[in-house]
Amino acid sequence: MRRNLAARLGVWSAHHRKAAILGWLVFVVLATVIGGAVGTVTASDEEMGVGDSGRAAEILKDAGIDEPAGELVMVGARTADGWRDAAADLSKALDATGEVRGLKAPLPSEDGKDALLRFAIKGPSDEAGDRVQPVLDAVDKARQDGAGRGISVHQFGDASSEKELSDLLADDLKKAEFTAVPLALGILLIAFGAVVAALLPVGLALTACVAAFGLLSLASHQLHLFETTYSVMFLMGLAVGVDYCLFYLRRERDERAAGRDAETALRIAAATSGRAVLVSGLTVMVAMAGMFLSGLLLFKGFAVATILVVCVAMLGSVTVLPALLAGLGDRIDAGRIPFLNRRARKGVRASGGLAGKVLRPVLARPKFFAVGAAVLLLSLAAPALGMKTEQLGLEKQFGSDAPLSVAYQKITDVFPGGPAPARVVVKADDIGARPVRDALDSLTRKAGDGAELTVHKASGVAEIAVPLPGTGTDAEAKKALHQLRDDTVPAAFGGMDVEAYVGGDLASSEDFGDQLGRGIVPVFAFITAVTFLLMLFCFRSVVIAVTSIALNLLSVGAAYGVMTAVFQHGWGAELIGSEKVGAIENWMPLFVLVVLFGLSMDYHVFVVSRIRESRDRGMDNRAAIREGITRTAGAVTGAAVIMVAVFAVFGTLSMQDMQQMGVGLGVAVLLDATVVRMLLLPSLMTLLGERNWHTPRYLRWLPKISHEEAEPTARPHAHNSPVPSGR
């Protein structure tokens with residue numbers, strides 16, 4: 001029988017071990033060194049924008065106008081005007097830092113008990129986060145000096161929040177690395193009972209992540225990235241990399257336990273699990289490519305990052321892993337942990353004894369378990385019917401008790417619209433023409449107190465900062481923004497040959513959400529179509545392809561429901577150190593949908609391939625289901641536990657969007673590996689019977705891909721069964 005691609009790669013690597021291992025190491029080192037040398041390019045605010053806010057930012061960029069990084073410091077006292085001395089001292093201290101420009105006189109509040117200092121950080125806005133530390137130190141000293149006199153000091157602004165966000169992301173990524181890796185290693189030690197066998201998947205996953213980081217740095221020069229992209233890449237790379245190696249390694253050990261010699265066991269693992277890894281990896285990558293259809297730079301960056309890390313992990317699993325296994329031979333069990341090793345070896349021989357016990361009632365009463373599992377998943381998905389999405393502001397991202405969030409809330413309570421005003425950007429051939437200037441002045445007056453007009457005459461551009469009512473992000477602010485966009489601005493410049501757009505933080509959030517709404521349909525259509533076609537090509541069965549999509553949607557729906565319950569409604573949020581925020585981050589549903597469609601293929605392809613392998617050897621449908629699921633139960637369980645553990649680490653990080661991503665993906669993988677794979681999939685396939693494997697006449701032109709390895713030429717030991725699956 002002609003060997004498939006995975007088998008050919010595995011056999012070549014096993015016979016050319018030094019070349020495969022050295023080639024992998026050279027690739028990782030080169031990718032890392034080159035990536036570090038060229039550096040990473042992050043996306044600017046202008047690139048992030050879409051819609052009218054994006055066009056407003058583009059006008060300013062084309063005109064060479066760099067919007068300064070503004071900062072606000074509110075000084076409060078117990079009595080009216082009690083803040084004056086503290087504000088004067090702080091103003092002098094801020095000037096002395098040498099990093100402040102445009103410091104304005106204190107703006108008193110209505111009751112006179114608070115005052116707002118407004119200024120910008122010197123230098124380009126994209127460097128403000130690196131230059132703001134002296135300002136933060138001056139404000140912190142003023143806070144300490146005033147504490148004993150009843151003076152409160154709160155700071156919020158572009159530079160301070162950027163620095164806080166960057167520091168938090170760096171700390172979170174470090175925490176994830178130092179927590180997730182030992183967790184994965186510990187789980188693998190329990191699964192394999194040997195140090196070398198446990199280190200192998202973790203080592204390959206980490207080297208795949210390192211290489212992908214370097215490649216992503218190169219890619220960032222063509223497609224600029226968000227800071228969160230690297231966290232997403234590490235999350236995906238570690239989870240997928242360990243999974244792929246685990247599937248491959250577990251099959252090889254199963255074959256060795258069945259009595260195969262090392263070369264035969266490796267060849268069977270390459271032809272079966274290696275092929276499943278290739279199909280799964282390809283499915284994940286193509287599914288991730290669907291994010292390019294969103295029209296948003298954030299998702300394009302996520303797509304590039306996940307495609308790169310999955311591709312590298314997949315290639316490592318089918319090349320350097322078989323080379324290492326061939327070189328190690330029986331030394332793969334080196335560093336045995338006695339108690340764990342006995343349990344692991346017993347588990348291999350039992351080949352899913354616990355799974356067999358679970359399957360027995362499922363296969364006996366498939367209709368009952370199919371309906372029950374479906375009802376459970378639909379019940380978990382029910383809260384998602386009321387899901388609300390929004391671009392969570394920094395005050396929600398950091399948590400309500402974070403100093404920056406407290407400062408934001410205090411400032412917006414006393415000076416509504418201060419931290420995040422709307423910005424009307426106007427471009428005209430002659431910005432100083434009388435009709436245009438009159439319209440600008442009239443619009444500024446209508447915007448009310450606090451509105452500021454800035455005219456860049458040389459560039460033909462004008463800006464009006466318009467404070468928004470409420471918190472600047474709530475329903476009242478959104479209503480004012482829509483009125484400004486739909487009525488006030490068009491009326492002010494009606495009939496004039498000018499470009500006028502409304503930007504700002506809230507406008508950007510609204511435009512981002514609108515683009516997401518438009519992009520989710522083509523993305524969903526793409527990934528469902530691709531999943532259907534890949535499964536159809538792989539298994540030549542319309543039924544398998546359709547049920548694959550249906551099972552994925554149930555997992556995604558359940559993840560949506562849990563995310564909504566925990567983060568929108570606050571049910572159990574305190575258990576993971578989070579809190580109710582009233583909404584889901586607006587990019588999260590689309591991201592979770594795409595990622596879960598891809599990740600679910602890890603288990604689905606692996607399990608269904610093993611069922612089909614048993615079916616191709618002549619078993620009836622029910623026996624093939626039992627054989628396939630019990631033989632893969634150990635690998636799927638181990639892979640799921642590792643994935644859930646890695647995602648759970650992200651669920652405990654500081655950023656609200658990282659928490660939502662970790663919980664959503666972790667819950668979905670847990671349900672996918674238990675309820676879906678152990679209950680719903682076998683019961684549904686049992687009910688469908690031979691229809692699972694029926695190929696319609698109009699599809700019989702599809703190439704028939706074997707899901708089993710040819711009878712090995714090297715015979716196993718006489719006291720063991722000669723069946724490749726280990727029966």
# chains A, B, ... in the order shown; residues from 1 in each chain; ligands from 1
call {"tool": "residues_around", "arguments": {"residues": "A:Asp137", "least_positions_apart": "4", "cutoff": "12 Å", "atoms": "only C-alpha atoms", "output": "ChimeraX atom specification"}}
result
/A:90,93-94,96-97,99,131-133,141-144,155,160
call {"tool": "write_last_selection", "arguments": {"atoms": "N, CA, C and O atoms", "output": "PDB file, in the first residue's frame"}}
result
ATOM      1  N   LEU A  90       1.865  70.798  42.302  1.00  0.00           N
ATOM      2  CA  LEU A  90       1.930  69.707  41.323  1.00  0.00           C
ATOM      3  C   LEU A  90       2.247  70.248  39.933  1.00  0.00           C
ATOM      4  O   LEU A  90       3.014  69.622  39.179  1.00  0.00           O
ATOM      5  N   ALA A  93       5.862  70.756  39.744  1.00  0.00           N
ATOM      6  CA  ALA A  93       6.568  69.472  39.675  1.00  0.00           C
ATOM      7  C   ALA A  93       6.451  68.854  38.287  1.00  0.00           C
ATOM      8  O   ALA A  93       7.410  68.249  37.777  1.00  0.00           O
ATOM      9  N   LEU A  94       5.293  68.993  37.671  1.00  0.00           N
ATOM     10  CA  LEU A  94       5.103  68.451  36.322  1.00  0.00           C
ATOM     11  C   LEU A  94       5.986  69.177  35.320  1.00  0.00           C
ATOM     12  O   LEU A  94       6.594  68.557  34.441  1.00  0.00           O
ATOM     13  N   ALA A  96       8.767  70.543  35.933  1.00  0.00           N
ATOM     14  CA  ALA A  96      10.157  70.207  36.228  1.00  0.00           C
ATOM     15  C   ALA A  96      10.570  68.859  35.646  1.00  0.00           C
ATOM     16  O   ALA A  96      11.762  68.588  35.490  1.00  0.00           O
ATOM     17  N   THR A  97       9.614  68.012  35.313  1.00  0.00           N
ATOM     18  CA  THR A  97       9.969  66.704  34.739  1.00  0.00           C
ATOM     19  C   THR A  97      10.560  66.834  33.343  1.00  0.00           C
ATOM     20  O   THR A  97      11.280  65.942  32.888  1.00  0.00           O
ATOM     21  N   GLU A  99       8.919  66.541  30.671  1.00  0.00           N
ATOM     22  CA  GLU A  99       8.177  65.660  29.770  1.00  0.00           C
ATOM     23  C   GLU A  99       6.769  66.168  29.470  1.00  0.00           C
ATOM     24  O   GLU A  99       6.011  65.499  28.768  1.00  0.00           O
ATOM     25  N   ARG A 131       7.830  57.461  28.077  1.00  0.00           N
ATOM     26  CA  ARG A 131       8.340  58.711  28.631  1.00  0.00           C
ATOM     27  C   ARG A 131       7.538  59.212  29.830  1.00  0.00           C
ATOM     28  O   ARG A 131       7.892  60.209  30.439  1.00  0.00           O
ATOM     29  N   VAL A 132       6.455  58.530  30.155  1.00  0.00           N
ATOM     30  CA  VAL A 132       5.539  59.063  31.154  1.00  0.00           C
ATOM     31  C   VAL A 132       5.960  58.792  32.597  1.00  0.00           C
ATOM     32  O   VAL A 132       5.398  59.382  33.529  1.00  0.00           O
ATOM     33  N   GLN A 133       6.952  57.933  32.818  1.00  0.00           N
ATOM     34  CA  GLN A 133       7.294  57.549  34.194  1.00  0.00           C
ATOM     35  C   GLN A 133       7.623  58.731  35.104  1.00  0.00           C
ATOM     36  O   GLN A 133       7.152  58.769  36.254  1.00  0.00           O
ATOM     37  N   LYS A 141       4.058  61.380  44.132  1.00  0.00           N
ATOM     38  CA  LYS A 141       4.590  62.149  45.266  1.00  0.00           C
ATOM     39  C   LYS A 141       3.556  63.146  45.767  1.00  0.00           C
ATOM     40  O   LYS A 141       3.366  63.314  46.985  1.00  0.00           O
ATOM     41  N   ALA A 142       2.854  63.815  44.831  1.00  0.00           N
ATOM     42  CA  ALA A 142       1.802  64.746  45.230  1.00  0.00           C
ATOM     43  C   ALA A 142       0.678  64.028  45.974  1.00  0.00           C
ATOM     44  O   ALA A 142       0.104  64.561  46.927  1.00  0.00           O
ATOM     45  N   ARG A 143       0.382  62.802  45.563  1.00  0.00           N
ATOM     46  CA  ARG A 143      -0.667  62.004  46.226  1.00  0.00           C
ATOM     47  C   ARG A 143      -0.253  61.680  47.667  1.00  0.00           C
ATOM     48  O   ARG A 143      -1.057  61.782  48.595  1.00  0.00           O
ATOM     49  N   GLN A 144       1.007  61.302  47.837  1.00  0.00           N
ATOM     50  CA  GLN A 144       1.487  60.964  49.176  1.00  0.00           C
ATOM     51  C   GLN A 144       1.560  62.201  50.081  1.00  0.00           C
ATOM     52  O   GLN A 144       1.172  62.146  51.255  1.00  0.00           O
ATOM     53  N   GLN A 155      -4.982  60.229  38.385  1.00  0.00           N
ATOM     54  CA  GLN A 155      -4.456  60.468  37.037  1.00  0.00           C
ATOM     55  C   GLN A 155      -4.978  59.428  36.056  1.00  0.00           C
ATOM     56  O   GLN A 155      -5.055  58.240  36.358  1.00  0.00           O
ATOM     57  N   SER A 160      -0.378  57.192  30.441  1.00  0.00           N
ATOM     58  CA  SER A 160      -0.404  56.391  31.673  1.00  0.00           C
ATOM     59  C   SER A 160      -1.121  55.066  31.457  1.00  0.00           C
ATOM     60  O   SER A 160      -0.685  54.020  31.954  1.00  0.00           O
TER      61      SER A 160
END
call {"tool": "select_by_dssp", "arguments": {"residues": "stretch 343-490 of chain A", "states": "strand (DSSP E or B)", "output": "PyMOL selection string"}}
result
chain A and resi 389-390+422-428+452-456+461-466
call {"tool": "residues_around", "arguments": {"residues": "A:Leu107", "least_positions_apart": "4", "cutoff": "10 Å", "atoms": "only C-alpha atoms", "output": "PyMOL selection string"}}
result
chain A and resi 74+112+114-118+415+450
call {"tool": "select_by_dssp", "arguments": {"residues": "stretch 477-612 of chain A", "states": "helix (DSSP H, G or I)", "output": "PyMOL selection string"}}
result
chain A and resi 477-492+505-539+542-568+573-576+588-612
call {"tool": "closest_residue", "arguments": {"among": "A:Ala86, A:Trp571, A:Glu127, A:Leu218", "to": "A:Thr32", "atoms": "only C-alpha atoms"}}
result
A:Leu218
call {"tool": "residues_around", "arguments": {"residues": "stretch 377-380 of chain A", "least_positions_apart": "2", "cutoff": "6 Å", "atoms": "only C-alpha atoms", "output": "ChimeraX atom specification"}}
result
/A:374-375,382,558,561
call {"tool": "write_last_selection", "arguments": {"atoms": "N, CA and C atoms", "output": "compact mmCIF listing (two decimals), in the first residue's frame"}}
result
# COMPACT_ATOMS: atom_id res chain seq x y z
N ALA A 374 -27.29 16.71 24.18
CA ALA A 374 -27.69 17.89 23.41
C ALA A 374 -28.44 18.89 24.30
N VAL A 375 -29.32 18.38 25.15
CA VAL A 375 -30.06 19.26 26.07
C VAL A 375 -29.11 19.97 27.03
N ALA A 382 -27.88 28.66 26.62
CA ALA A 382 -29.05 29.55 26.73
C ALA A 382 -28.71 30.98 27.12
N ALA A 558 -22.18 26.55 23.85
CA ALA A 558 -22.01 26.36 25.29
C ALA A 558 -20.95 27.31 25.84
N GLY A 561 -22.45 30.71 26.15
CA GLY A 561 -23.37 30.79 27.28
C GLY A 561 -22.64 30.95 28.60
call {"tool": "atom_distance", "arguments": {"atom1": "atom CA of A:Leu551", "atom2": "atom CA of A:Ala180"}}
result
27.8 Å
call {"tool": "atom_distance", "arguments": {"atom1": "atom CA of A:Phe647", "atom2": "atom CA of A:Gly666"}}
result
5.1 Å
call {"tool": "atom_distance", "arguments": {"atom1": "atom CA of A:Leu680", "atom2": "atom CA of A:Val277"}}
result
22.8 Å
call {"tool": "closest_residue", "arguments": {"among": "A:Leu394, A:Val139, A:Val73, A:Ala20", "to": "A:Ser161", "atoms": "only C-alpha atoms"}}
result
A:Leu394
call {"tool": "residues_around", "arguments": {"residues": "stretch 243-251 of chain A", "least_positions_apart": "6", "cutoff": "8 Å", "atoms": "only C-alpha atoms", "output": "PyMOL selection string"}}
result
chain A and resi 200-201+204+269-270+273-274+277+313-314+317+321+602+606+635-636+638-639+642-643
call {"tool": "closest_residue", "arguments": {"among": "A:Ala147, A:Arg677, A:Ser231, A:His456", "to": "A:Leu168", "atoms": "only C-alpha atoms"}}
result
A:Ser231
call {"tool": "closest_residue", "arguments": {"among": "A:Val455, A:Val502, A:Ile549, A:Met619", "to": "A:Ala529", "atoms": "only C-alpha atoms"}}
result
A:Ile549
call {"tool": "closest_residue", "arguments": {"among": "A:Ser541, A:Ser53, A:Thr488, A:Ser548", "to": "A:Leu699", "atoms": "only C-alpha atoms"}}
result
A:Ser541
call {"tool": "residues_around", "arguments": {"residues": "A:Gln659", "least_positions_apart": "3", "cutoff": "10 Å", "atoms": "only C-alpha atoms", "output": "list in words"}}
result
Gln397, Met563, Phe567, Ile576, Gly577, Ser578, Phe647, Ala648, Val649, Phe650, Gly651, Thr652, Leu653, Ser654, Met655, Gln656, Gly662, Val663 and Gly664 of chain A
call {"tool": "write_last_selection", "arguments": {"atoms": "all heavy atoms", "output": "short mmCIF file (atom, residue, chain, number, x, y, z; two decimals), in the first residue's frame"}}
result
data_model
loop_
_atom_site.label_atom_id
_atom_site.label_comp_id
_atom_site.auth_asym_id
_atom_site.auth_seq_id
_atom_site.Cartn_x
_atom_site.Cartn_y
_atom_site.Cartn_z
N GLN A 397 -11.20 46.74 31.65
CA GLN A 397 -10.15 45.75 31.40
C GLN A 397 -9.32 45.50 32.65
O GLN A 397 -8.94 44.38 32.96
CB GLN A 397 -9.22 46.22 30.27
CG GLN A 397 -9.85 46.15 28.90
CD GLN A 397 -9.85 44.74 28.34
OE1 GLN A 397 -9.64 43.77 29.05
NE2 GLN A 397 -10.08 44.62 27.05
N MET A 563 -19.53 32.11 29.06
CA MET A 563 -18.90 33.43 29.09
C MET A 563 -19.91 34.51 29.46
O MET A 563 -19.62 35.41 30.27
CB MET A 563 -18.29 33.74 27.71
CG MET A 563 -17.07 32.93 27.37
SD MET A 563 -16.62 33.04 25.62
CE MET A 563 -16.38 34.80 25.44
N PHE A 567 -19.22 36.58 32.90
CA PHE A 567 -18.68 37.93 32.79
C PHE A 567 -19.75 39.01 32.57
O PHE A 567 -19.57 40.14 33.01
CB PHE A 567 -17.65 37.98 31.66
CG PHE A 567 -16.48 37.08 31.91
CD1 PHE A 567 -16.35 35.88 31.24
CD2 PHE A 567 -15.51 37.42 32.84
CE1 PHE A 567 -15.28 35.03 31.48
CE2 PHE A 567 -14.44 36.59 33.09
CZ PHE A 567 -14.32 35.39 32.41
N ILE A 576 -13.04 33.04 40.06
CA ILE A 576 -11.81 33.08 39.25
C ILE A 576 -11.11 34.43 39.40
O ILE A 576 -10.26 34.78 38.59
CB ILE A 576 -12.11 32.79 37.76
CG1 ILE A 576 -13.08 33.84 37.18
CG2 ILE A 576 -12.65 31.40 37.57
CD1 ILE A 576 -13.21 33.77 35.68
N GLY A 577 -11.51 35.19 40.41
CA GLY A 577 -10.87 36.48 40.64
C GLY A 577 -11.29 37.55 39.66
O GLY A 577 -10.57 38.54 39.47
N SER A 578 -12.44 37.38 39.04
CA SER A 578 -12.93 38.37 38.08
C SER A 578 -14.14 39.08 38.67
O SER A 578 -14.42 38.99 39.87
CB SER A 578 -13.28 37.68 36.75
OG SER A 578 -13.59 38.65 35.77
N PHE A 647 -5.55 27.06 29.13
CA PHE A 647 -6.57 28.09 29.00
C PHE A 647 -6.98 28.63 30.37
O PHE A 647 -7.26 29.82 30.52
CB PHE A 647 -7.79 27.55 28.27
CG PHE A 647 -7.55 27.21 26.82
CD1 PHE A 647 -8.28 26.22 26.19
CD2 PHE A 647 -6.58 27.86 26.10
CE1 PHE A 647 -8.04 25.90 24.85
CE2 PHE A 647 -6.32 27.55 24.78
CZ PHE A 647 -7.06 26.56 24.15
N ALA A 648 -7.01 27.76 31.38
CA ALA A 648 -7.38 28.20 32.72
C ALA A 648 -6.37 29.20 33.27
O ALA A 648 -6.75 30.13 34.00
CB ALA A 648 -7.48 27.00 33.66
N VAL A 649 -5.10 29.03 32.92
CA VAL A 649 -4.09 30.00 33.33
C VAL A 649 -4.44 31.38 32.79
O VAL A 649 -4.37 32.39 33.50
CB VAL A 649 -2.69 29.57 32.86
CG1 VAL A 649 -1.68 30.69 33.06
CG2 VAL A 649 -2.25 28.32 33.61
N PHE A 650 -4.84 31.43 31.53
CA PHE A 650 -5.22 32.71 30.94
C PHE A 650 -6.49 33.26 31.59
O PHE A 650 -6.70 34.46 31.64
CB PHE A 650 -5.40 32.57 29.43
CG PHE A 650 -4.11 32.68 28.68
CD1 PHE A 650 -3.20 31.64 28.69
CD2 PHE A 650 -3.79 33.82 27.97
CE1 PHE A 650 -1.99 31.73 28.02
CE2 PHE A 650 -2.58 33.93 27.31
CZ PHE A 650 -1.69 32.88 27.32
N GLY A 651 -7.35 32.37 32.09
CA GLY A 651 -8.54 32.81 32.77
C GLY A 651 -8.27 33.48 34.10
O GLY A 651 -9.15 34.14 34.66
N THR A 652 -7.04 33.34 34.62
CA THR A 652 -6.68 33.95 35.89
C THR A 652 -5.81 35.19 35.73
O THR A 652 -5.35 35.75 36.73
CB THR A 652 -5.94 32.94 36.78
OG1 THR A 652 -4.71 32.56 36.14
CG2 THR A 652 -6.78 31.70 37.03
N LEU A 653 -5.57 35.62 34.50
CA LEU A 653 -4.72 36.79 34.27
C LEU A 653 -5.47 38.08 34.62
O LEU A 653 -6.65 38.07 34.96
CB LEU A 653 -4.23 36.82 32.83
CG LEU A 653 -3.38 35.62 32.39
CD1 LEU A 653 -2.88 35.79 30.97
CD2 LEU A 653 -2.20 35.40 33.34
N SER A 654 -4.77 39.20 34.52
CA SER A 654 -5.32 40.48 34.99
C SER A 654 -6.30 41.10 34.02
O SER A 654 -7.27 41.75 34.43
CB SER A 654 -4.17 41.46 35.25
OG SER A 654 -3.22 40.91 36.13
N MET A 655 -6.05 40.94 32.72
CA MET A 655 -6.87 41.61 31.71
C MET A 655 -8.20 40.89 31.54
O MET A 655 -8.26 39.67 31.44
CB MET A 655 -6.13 41.66 30.38
CG MET A 655 -4.85 42.47 30.42
SD MET A 655 -5.15 44.23 30.61
CE MET A 655 -5.88 44.60 29.02
N GLN A 656 -9.28 41.68 31.47
CA GLN A 656 -10.60 41.10 31.33
C GLN A 656 -10.75 40.30 30.05
O GLN A 656 -11.34 39.21 30.05
CB GLN A 656 -11.65 42.22 31.36
CG GLN A 656 -13.08 41.79 31.13
CD GLN A 656 -13.67 40.96 32.25
OE1 GLN A 656 -14.58 40.17 32.04
NE2 GLN A 656 -13.17 41.14 33.47
N GLY A 662 -9.72 32.83 28.12
CA GLY A 662 -9.32 31.62 28.81
C GLY A 662 -10.51 30.78 29.27
O GLY A 662 -10.53 29.56 29.08
N VAL A 663 -11.50 31.44 29.86
CA VAL A 663 -12.68 30.72 30.35
C VAL A 663 -13.48 30.15 29.18
O VAL A 663 -13.90 28.98 29.21
CB VAL A 663 -13.56 31.64 31.21
CG1 VAL A 663 -14.91 30.98 31.51
CG2 VAL A 663 -12.85 31.98 32.52
N GLY A 664 -13.71 30.95 28.15
CA GLY A 664 -14.50 30.49 27.01
C GLY A 664 -13.88 29.29 26.33
O GLY A 664 -14.55 28.27 26.08
#
call {"tool": "closest_residue", "arguments": {"among": "A:Gly259, A:Thr319, A:Ala77, A:Thr283", "to": "A:Leu5", "atoms": "only C-alpha atoms"}}
result
A:Thr319
